[in-house]
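**Student:** Would you mind keeping the following structure in view while I ask a few things?
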Amino acid sequence: MDLDRSTTVWPQAVDELRRLLDAVKWRAGERFPAVYQLAAELDVVPSTVQKAVVALREEGRLLYTELGRGSFVSDAPEL
């Protein structure tokens, strides 16, 4: 991921994860990768990815969480 480090990074991570989800990198119902794995892939710190995942989960259309199991890709239609 090519980041503009002169501005806040986590919104850029949200955009990148949204782009990957929209491109169907992960299918509906599939477990979303761990924060540390995504941080390594995106070359950012884990807290940045965590904020991005929370933001996507709060949107309610791309990710959902099952307590004790992790985050999963939603099958909800795009708004």
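Starting from 1 in every chain, residues are counted up; chains themselves are A, B, ... following the order of the structure tokens, and ligands are numbered from 1 as listed.
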Could you pull out all residues of chain A with a DSSP call of strand (DSSP E or B) and give them as number ranges by chain?

**Tutor:** A: 31, 63-66, 70-73

**Student:** Taking 5 positions as the minimum chain separation for residues in the same chain, which residues sit within 12 Å of A:Asp43 when counting only C-alpha atoms? Answer as an MDAnalysis selection string.

**Tutor:** chainID A and resid 1:3 5 9:10 13 16 35:38 48:49

**Student:** Do you know which residues are at most 12 Å from A:Arg27 counting only C-alpha atoms, after dropping those on the same chain fewer than 2 positions away, and could you put them as a list of chain:residue names?

**Tutor:**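 That gives A:Leu20, A:Leu21, A:Asp22, A:Ala23, A:Val24, A:Lys25, A:Gly29, A:Glu30, A:Arg31, A:Phe32, A:Pro33, A:Leu62, A:Leu63, A:Phe72, A:Val73, A:Ser74, A:Asp75, A:Ala76.
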
**Student:** Would you mind exporting the chosen residues as a CSV table (one decimal), in the first residue's frame, restricted to all heavy atoms?

**Tutor:**
chain,number,residue,atom,x,y,z
A,20,LEU,N,-10.1,-3.6,-1.2
A,20,LEU,CA,-9.8,-5.0,-1.2
A,20,LEU,C,-11.1,-5.8,-1.0
A,20,LEU,O,-11.3,-6.8,-1.7
A,20,LEU,CB,-8.7,-5.4,-0.2
A,20,LEU,CG,-7.3,-4.9,-0.5
A,20,LEU,CD1,-6.4,-5.1,0.6
A,20,LEU,CD2,-6.8,-5.5,-1.8
A,21,LEU,N,-11.9,-5.4,-0.1
A,21,LEU,CA,-13.2,-6.1,0.1
A,21,LEU,C,-14.1,-6.0,-1.1
A,21,LEU,O,-14.7,-6.9,-1.5
A,21,LEU,CB,-13.9,-5.6,1.4
A,21,LEU,CG,-13.2,-6.0,2.7
A,21,LEU,CD1,-13.6,-5.1,3.9
A,21,LEU,CD2,-13.7,-7.5,3.0
A,22,ASP,N,-14.2,-4.8,-1.6
A,22,ASP,CA,-15.0,-4.6,-2.8
A,22,ASP,C,-14.5,-5.4,-4.0
A,22,ASP,O,-15.3,-5.7,-4.9
A,22,ASP,CB,-15.1,-3.1,-3.2
A,22,ASP,CG,-15.9,-2.3,-2.2
A,22,ASP,OD1,-16.7,-2.9,-1.4
A,22,ASP,OD2,-15.8,-1.0,-2.2
A,23,ALA,N,-13.2,-5.6,-4.1
A,23,ALA,CA,-12.6,-6.4,-5.1
A,23,ALA,C,-12.7,-7.9,-4.9
A,23,ALA,O,-12.2,-8.7,-5.6
A,23,ALA,CB,-11.1,-6.0,-5.3
A,24,VAL,N,-13.4,-8.2,-3.8
A,24,VAL,CA,-13.7,-9.6,-3.4
A,24,VAL,C,-12.4,-10.4,-3.1
A,24,VAL,O,-12.2,-11.5,-3.6
A,24,VAL,CB,-14.6,-10.4,-4.4
A,24,VAL,CG1,-15.1,-11.7,-3.8
A,24,VAL,CG2,-15.8,-9.5,-4.8
A,25,LYS,N,-11.5,-9.8,-2.4
A,25,LYS,CA,-10.3,-10.5,-2.0
A,25,LYS,C,-10.7,-11.6,-1.0
A,25,LYS,O,-10.1,-12.6,-1.0
A,25,LYS,CB,-9.2,-9.6,-1.4
A,25,LYS,CG,-8.0,-10.3,-0.9
A,25,LYS,CD,-6.8,-9.4,-0.7
A,25,LYS,CE,-5.7,-10.3,-0.2
A,25,LYS,NZ,-4.4,-9.6,-0.3
A,29,GLY,N,-18.7,-14.4,4.4
A,29,GLY,CA,-18.7,-15.4,5.4
A,29,GLY,C,-17.3,-15.9,5.8
A,29,GLY,O,-17.1,-16.6,6.7
A,30,GLU,N,-16.3,-15.5,5.0
A,30,GLU,CA,-14.9,-15.9,5.2
A,30,GLU,C,-14.3,-15.1,6.4
A,30,GLU,O,-14.7,-13.9,6.6
A,30,GLU,CB,-14.1,-15.6,4.0
A,30,GLU,CG,-12.7,-16.1,4.0
A,30,GLU,CD,-12.0,-15.9,2.7
A,30,GLU,OE1,-12.6,-15.7,1.6
A,30,GLU,OE2,-10.7,-16.0,2.7
A,31,ARG,N,-13.5,-15.7,7.2
A,31,ARG,CA,-12.9,-15.0,8.3
A,31,ARG,C,-11.9,-14.0,7.7
A,31,ARG,O,-11.1,-14.2,6.8
A,31,ARG,CB,-12.1,-16.0,9.2
A,31,ARG,CG,-11.6,-15.3,10.4
A,31,ARG,CD,-11.2,-16.3,11.4
A,31,ARG,NE,-10.9,-15.6,12.6
A,31,ARG,CZ,-10.3,-16.0,13.6
A,31,ARG,NH1,-9.9,-17.3,13.6
A,31,ARG,NH2,-10.0,-15.3,14.7
A,32,PHE,N,-12.0,-12.8,8.3
A,32,PHE,CA,-11.1,-11.7,7.9
A,32,PHE,C,-9.8,-11.9,8.6
A,32,PHE,O,-9.7,-12.4,9.7
A,32,PHE,CB,-11.7,-10.4,8.4
A,32,PHE,CG,-11.2,-9.1,7.7
A,32,PHE,CD1,-11.3,-9.0,6.3
A,32,PHE,CD2,-10.6,-8.1,8.4
A,32,PHE,CE1,-10.9,-7.9,5.7
A,32,PHE,CE2,-10.1,-7.0,7.8
A,32,PHE,CZ,-10.3,-6.9,6.4
A,33,PRO,N,-8.7,-11.6,7.9
A,33,PRO,CA,-7.3,-11.8,8.4
A,33,PRO,C,-7.1,-11.1,9.8
A,33,PRO,O,-7.7,-10.1,10.0
A,33,PRO,CB,-6.4,-11.3,7.4
A,33,PRO,CG,-7.2,-11.3,6.1
A,33,PRO,CD,-8.6,-11.1,6.5
A,62,LEU,N,-19.6,-4.2,5.6
A,62,LEU,CA,-18.5,-5.0,5.1
A,62,LEU,C,-18.0,-6.1,6.0
A,62,LEU,O,-17.5,-7.2,5.6
A,62,LEU,CB,-17.3,-4.1,4.7
A,62,LEU,CG,-17.6,-3.1,3.6
A,62,LEU,CD1,-16.4,-2.2,3.4
A,62,LEU,CD2,-17.8,-3.9,2.3
A,63,LEU,N,-18.0,-5.8,7.3
A,63,LEU,CA,-17.4,-6.7,8.3
A,63,LEU,C,-18.4,-6.8,9.5
A,63,LEU,O,-19.1,-5.9,9.8
A,63,LEU,CB,-16.1,-6.2,8.9
A,63,LEU,CG,-14.9,-6.1,7.9
A,63,LEU,CD1,-13.7,-5.5,8.6
A,63,LEU,CD2,-14.6,-7.5,7.3
A,72,PHE,N,-15.5,-11.2,10.3
A,72,PHE,CA,-15.8,-12.0,9.1
A,72,PHE,C,-16.3,-11.0,8.1
A,72,PHE,O,-16.9,-9.9,8.4
A,72,PHE,CB,-16.9,-13.0,9.4
A,72,PHE,CG,-16.4,-14.1,10.4
A,72,PHE,CD1,-16.4,-13.9,11.7
A,72,PHE,CD2,-16.0,-15.3,9.8
A,72,PHE,CE1,-16.0,-14.9,12.6
A,72,PHE,CE2,-15.5,-16.3,10.7
A,72,PHE,CZ,-15.5,-16.1,12.1
A,73,VAL,N,-16.2,-11.4,6.8
A,73,VAL,CA,-16.7,-10.6,5.7
A,73,VAL,C,-18.2,-10.7,5.6
A,73,VAL,O,-18.8,-11.9,5.7
A,73,VAL,CB,-16.1,-11.0,4.4
A,73,VAL,CG1,-16.6,-10.2,3.2
A,73,VAL,CG2,-14.6,-10.9,4.5
A,74,SER,N,-18.9,-9.6,5.6
A,74,SER,CA,-20.4,-9.6,5.6
A,74,SER,C,-20.9,-10.0,4.2
A,74,SER,O,-20.2,-9.7,3.2
A,74,SER,CB,-20.9,-8.2,6.0
A,74,SER,OG,-22.3,-8.2,5.9
A,75,ASP,N,-22.1,-10.5,4.1
A,75,ASP,CA,-22.7,-10.8,2.8
A,75,ASP,C,-23.8,-9.7,2.6
A,75,ASP,O,-24.6,-9.9,1.6
A,75,ASP,CB,-23.3,-12.2,2.8
A,75,ASP,CG,-24.3,-12.5,3.8
A,75,ASP,OD1,-24.6,-11.5,4.6
A,75,ASP,OD2,-24.9,-13.6,3.8
A,76,ALA,N,-23.8,-8.7,3.4
A,76,ALA,CA,-24.8,-7.6,3.2
A,76,ALA,C,-24.5,-6.9,1.9
A,76,ALA,O,-23.4,-6.7,1.5
A,76,ALA,CB,-24.7,-6.6,4.4

**Student:** Have a look at atom CA of A:Arg18 and atom CA of A:Arg69 and let me know their distance in Å, one decimal.

**Tutor:**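 Spanning atom CA of A:Arg18 to atom CA of A:Arg69 is a straight-line distance of 21.2 Å.
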
**Student:** Ranking A:Trp26, A:Ala34, A:Thr8, A:Val14 by minimum distance to A:Arg57 and counting only C-alpha atoms, which one comes first?

**Tutor:**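 Of the candidates, the smallest distance to A:Arg57 is held by A:Val14.
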
**Student:** With DSSP run on the backbone, what are the helix (DSSP H, G or I) residues within chain A? I'd like them as a PDB file with N, CA, C and O atoms, in the first residue's frame.

**Tutor:**
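Generated file (result_29.pdb):
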ATOM      1  N   TRP A  10      -4.609   5.894   9.308  1.00  0.00           N
ATOM      2  CA  TRP A  10      -5.684   4.904   9.434  1.00  0.00           C
ATOM      3  C   TRP A  10      -6.834   5.106   8.454  1.00  0.00           C
ATOM      4  O   TRP A  10      -7.388   4.117   7.957  1.00  0.00           O
ATOM      5  N   PRO A  11      -7.228   6.357   8.099  1.00  0.00           N
ATOM      6  CA  PRO A  11      -8.291   6.478   7.080  1.00  0.00           C
ATOM      7  C   PRO A  11      -7.848   5.929   5.718  1.00  0.00           C
ATOM      8  O   PRO A  11      -8.662   5.398   4.964  1.00  0.00           O
ATOM      9  N   GLN A  12      -6.558   6.027   5.433  1.00  0.00           N
ATOM     10  CA  GLN A  12      -6.036   5.449   4.197  1.00  0.00           C
ATOM     11  C   GLN A  12      -6.106   3.926   4.249  1.00  0.00           C
ATOM     12  O   GLN A  12      -6.402   3.276   3.242  1.00  0.00           O
ATOM     13  N   ALA A  13      -5.855   3.373   5.443  1.00  0.00           N
ATOM     14  CA  ALA A  13      -5.971   1.926   5.622  1.00  0.00           C
ATOM     15  C   ALA A  13      -7.423   1.485   5.453  1.00  0.00           C
ATOM     16  O   ALA A  13      -7.691   0.433   4.863  1.00  0.00           O
ATOM     17  N   VAL A  14      -8.368   2.273   5.954  1.00  0.00           N
ATOM     18  CA  VAL A  14      -9.795   1.979   5.757  1.00  0.00           C
ATOM     19  C   VAL A  14     -10.103   1.920   4.267  1.00  0.00           C
ATOM     20  O   VAL A  14     -10.737   0.974   3.785  1.00  0.00           O
ATOM     21  N   ASP A  15      -9.645   2.916   3.534  1.00  0.00           N
ATOM     22  CA  ASP A  15      -9.898   2.955   2.088  1.00  0.00           C
ATOM     23  C   ASP A  15      -9.296   1.746   1.379  1.00  0.00           C
ATOM     24  O   ASP A  15      -9.920   1.165   0.488  1.00  0.00           O
ATOM     25  N   GLU A  16      -8.082   1.359   1.771  1.00  0.00           N
ATOM     26  CA  GLU A  16      -7.421   0.217   1.137  1.00  0.00           C
ATOM     27  C   GLU A  16      -8.154  -1.085   1.455  1.00  0.00           C
ATOM     28  O   GLU A  16      -8.387  -1.904   0.566  1.00  0.00           O
ATOM     29  N   LEU A  17      -8.535  -1.277   2.706  1.00  0.00           N
ATOM     30  CA  LEU A  17      -9.271  -2.490   3.068  1.00  0.00           C
ATOM     31  C   LEU A  17     -10.632  -2.522   2.390  1.00  0.00           C
ATOM     32  O   LEU A  17     -11.079  -3.574   1.925  1.00  0.00           O
ATOM     33  N   ARG A  18     -11.298  -1.382   2.299  1.00  0.00           N
ATOM     34  CA  ARG A  18     -12.591  -1.300   1.601  1.00  0.00           C
ATOM     35  C   ARG A  18     -12.404  -1.670   0.125  1.00  0.00           C
ATOM     36  O   ARG A  18     -13.197  -2.421  -0.448  1.00  0.00           O
ATOM     37  N   ARG A  19     -11.336  -1.160  -0.473  1.00  0.00           N
ATOM     38  CA  ARG A  19     -11.045  -1.474  -1.880  1.00  0.00           C
ATOM     39  C   ARG A  19     -10.830  -2.982  -2.062  1.00  0.00           C
ATOM     40  O   ARG A  19     -11.367  -3.590  -2.990  1.00  0.00           O
ATOM     41  N   LEU A  20     -10.059  -3.582  -1.160  1.00  0.00           N
ATOM     42  CA  LEU A  20      -9.806  -5.018  -1.246  1.00  0.00           C
ATOM     43  C   LEU A  20     -11.074  -5.831  -1.023  1.00  0.00           C
ATOM     44  O   LEU A  20     -11.302  -6.837  -1.701  1.00  0.00           O
ATOM     45  N   LEU A  21     -11.904  -5.405  -0.092  1.00  0.00           N
ATOM     46  CA  LEU A  21     -13.180  -6.093   0.145  1.00  0.00           C
ATOM     47  C   LEU A  21     -14.096  -5.959  -1.063  1.00  0.00           C
ATOM     48  O   LEU A  21     -14.743  -6.931  -1.471  1.00  0.00           O
ATOM     49  N   ASP A  22     -14.160  -4.766  -1.638  1.00  0.00           N
ATOM     50  CA  ASP A  22     -15.004  -4.554  -2.815  1.00  0.00           C
ATOM     51  C   ASP A  22     -14.499  -5.356  -4.018  1.00  0.00           C
ATOM     52  O   ASP A  22     -15.281  -5.743  -4.878  1.00  0.00           O
ATOM     53  N   VAL A  35      -5.359  -8.845  12.619  1.00  0.00           N
ATOM     54  CA  VAL A  35      -4.814  -7.484  12.588  1.00  0.00           C
ATOM     55  C   VAL A  35      -3.316  -7.500  12.301  1.00  0.00           C
ATOM     56  O   VAL A  35      -2.831  -6.731  11.467  1.00  0.00           O
ATOM     57  N   TYR A  36      -2.574  -8.380  12.955  1.00  0.00           N
ATOM     58  CA  TYR A  36      -1.124  -8.411  12.757  1.00  0.00           C
ATOM     59  C   TYR A  36      -0.753  -8.825  11.337  1.00  0.00           C
ATOM     60  O   TYR A  36       0.192  -8.311  10.762  1.00  0.00           O
ATOM     61  N   GLN A  37      -1.515  -9.735  10.758  1.00  0.00           N
ATOM     62  CA  GLN A  37      -1.269 -10.159   9.384  1.00  0.00           C
ATOM     63  C   GLN A  37      -1.528  -9.004   8.413  1.00  0.00           C
ATOM     64  O   GLN A  37      -0.729  -8.742   7.520  1.00  0.00           O
ATOM     65  N   LEU A  38      -2.649  -8.317   8.600  1.00  0.00           N
ATOM     66  CA  LEU A  38      -2.969  -7.180   7.737  1.00  0.00           C
ATOM     67  C   LEU A  38      -1.961  -6.050   7.906  1.00  0.00           C
ATOM     68  O   LEU A  38      -1.585  -5.396   6.930  1.00  0.00           O
ATOM     69  N   ALA A  39      -1.513  -5.819   9.133  1.00  0.00           N
ATOM     70  CA  ALA A  39      -0.520  -4.774   9.384  1.00  0.00           C
ATOM     71  C   ALA A  39       0.752  -5.060   8.601  1.00  0.00           C
ATOM     72  O   ALA A  39       1.331  -4.149   7.995  1.00  0.00           O
ATOM     73  N   ALA A  40       1.168  -6.311   8.582  1.00  0.00           N
ATOM     74  CA  ALA A  40       2.368  -6.676   7.823  1.00  0.00           C
ATOM     75  C   ALA A  40       2.146  -6.487   6.324  1.00  0.00           C
ATOM     76  O   ALA A  40       3.022  -5.967   5.619  1.00  0.00           O
ATOM     77  N   GLU A  41       0.975  -6.883   5.840  1.00  0.00           N
ATOM     78  CA  GLU A  41       0.665  -6.739   4.414  1.00  0.00           C
ATOM     79  C   GLU A  41       0.601  -5.278   3.983  1.00  0.00           C
ATOM     80  O   GLU A  41       1.020  -4.926   2.883  1.00  0.00           O
ATOM     81  N   LEU A  42       0.039  -4.430   4.844  1.00  0.00           N
ATOM     82  CA  LEU A  42      -0.138  -3.020   4.501  1.00  0.00           C
ATOM     83  C   LEU A  42       1.057  -2.160   4.913  1.00  0.00           C
ATOM     84  O   LEU A  42       1.093  -0.971   4.596  1.00  0.00           O
ATOM     85  N   PRO A  46      -0.012  -2.369  13.879  1.00  0.00           N
ATOM     86  CA  PRO A  46      -1.286  -3.049  14.143  1.00  0.00           C
ATOM     87  C   PRO A  46      -2.402  -2.132  14.645  1.00  0.00           C
ATOM     88  O   PRO A  46      -3.567  -2.331  14.294  1.00  0.00           O
ATOM     89  N   SER A  47      -2.071  -1.125  15.435  1.00  0.00           N
ATOM     90  CA  SER A  47      -3.130  -0.237  15.933  1.00  0.00           C
ATOM     91  C   SER A  47      -3.814   0.519  14.797  1.00  0.00           C
ATOM     92  O   SER A  47      -5.006   0.819  14.880  1.00  0.00           O
ATOM     93  N   THR A  48      -3.098   0.799  13.728  1.00  0.00           N
ATOM     94  CA  THR A  48      -3.687   1.452  12.557  1.00  0.00           C
ATOM     95  C   THR A  48      -4.722   0.535  11.910  1.00  0.00           C
ATOM     96  O   THR A  48      -5.828   0.958  11.574  1.00  0.00           O
ATOM     97  N   VAL A  49      -4.358  -0.724  11.758  1.00  0.00           N
ATOM     98  CA  VAL A  49      -5.285  -1.699  11.166  1.00  0.00           C
ATOM     99  C   VAL A  49      -6.490  -1.902  12.080  1.00  0.00           C
ATOM    100  O   VAL A  49      -7.622  -1.993  11.613  1.00  0.00           O
ATOM    101  N   GLN A  50      -6.244  -1.954  13.388  1.00  0.00           N
ATOM    102  CA  GLN A  50      -7.346  -2.141  14.330  1.00  0.00           C
ATOM    103  C   GLN A  50      -8.367  -1.008  14.203  1.00  0.00           C
ATOM    104  O   GLN A  50      -9.573  -1.251  14.170  1.00  0.00           O
ATOM    105  N   LYS A  51      -7.887   0.222  14.111  1.00  0.00           N
ATOM    106  CA  LYS A  51      -8.806   1.362  13.938  1.00  0.00           C
ATOM    107  C   LYS A  51      -9.565   1.246  12.625  1.00  0.00           C
ATOM    108  O   LYS A  51     -10.759   1.544  12.551  1.00  0.00           O
ATOM    109  N   ALA A  52      -8.886   0.800  11.579  1.00  0.00           N
ATOM    110  CA  ALA A  52      -9.527   0.653  10.277  1.00  0.00           C
ATOM    111  C   ALA A  52     -10.597  -0.429  10.320  1.00  0.00           C
ATOM    112  O   ALA A  52     -11.701  -0.248   9.787  1.00  0.00           O
ATOM    113  N   VAL A  53     -10.306  -1.545  10.969  1.00  0.00           N
ATOM    114  CA  VAL A  53     -11.277  -2.639  11.078  1.00  0.00           C
ATOM    115  C   VAL A  53     -12.496  -2.192  11.881  1.00  0.00           C
ATOM    116  O   VAL A  53     -13.636  -2.471  11.506  1.00  0.00           O
ATOM    117  N   VAL A  54     -12.268  -1.476  12.962  1.00  0.00           N
ATOM    118  CA  VAL A  54     -13.380  -0.960  13.769  1.00  0.00           C
ATOM    119  C   VAL A  54     -14.252  -0.037  12.917  1.00  0.00           C
ATOM    120  O   VAL A  54     -15.484  -0.123  12.947  1.00  0.00           O
ATOM    121  N   ALA A  55     -13.627   0.837  12.149  1.00  0.00           N
ATOM    122  CA  ALA A  55     -14.383   1.762  11.298  1.00  0.00           C
ATOM    123  C   ALA A  55     -15.223   0.996  10.278  1.00  0.00           C
ATOM    124  O   ALA A  55     -16.403   1.316  10.061  1.00  0.00           O
ATOM    125  N   LEU A  56     -14.650  -0.035   9.661  1.00  0.00           N
ATOM    126  CA  LEU A  56     -15.400  -0.828   8.686  1.00  0.00           C
ATOM    127  C   LEU A  56     -16.530  -1.598   9.352  1.00  0.00           C
ATOM    128  O   LEU A  56     -17.627  -1.706   8.804  1.00  0.00           O
ATOM    129  N   ARG A  57     -16.265  -2.119  10.534  1.00  0.00           N
ATOM    130  CA  ARG A  57     -17.299  -2.848  11.269  1.00  0.00           C
ATOM    131  C   ARG A  57     -18.451  -1.920  11.637  1.00  0.00           C
ATOM    132  O   ARG A  57     -19.616  -2.288  11.549  1.00  0.00           O
ATOM    133  N   GLU A  58     -18.135  -0.693  12.028  1.00  0.00           N
ATOM    134  CA  GLU A  58     -19.174   0.271  12.401  1.00  0.00           C
ATOM    135  C   GLU A  58     -20.015   0.696  11.208  1.00  0.00           C
ATOM    136  O   GLU A  58     -21.166   1.073  11.376  1.00  0.00           O
ATOM    137  N   GLU A  59     -19.440   0.630  10.001  1.00  0.00           N
ATOM    138  CA  GLU A  59     -20.235   0.914   8.798  1.00  0.00           C
ATOM    139  C   GLU A  59     -21.336  -0.118   8.646  1.00  0.00           C
ATOM    140  O   GLU A  59     -22.388   0.166   8.085  1.00  0.00           O
TER     141      GLU A  59
END
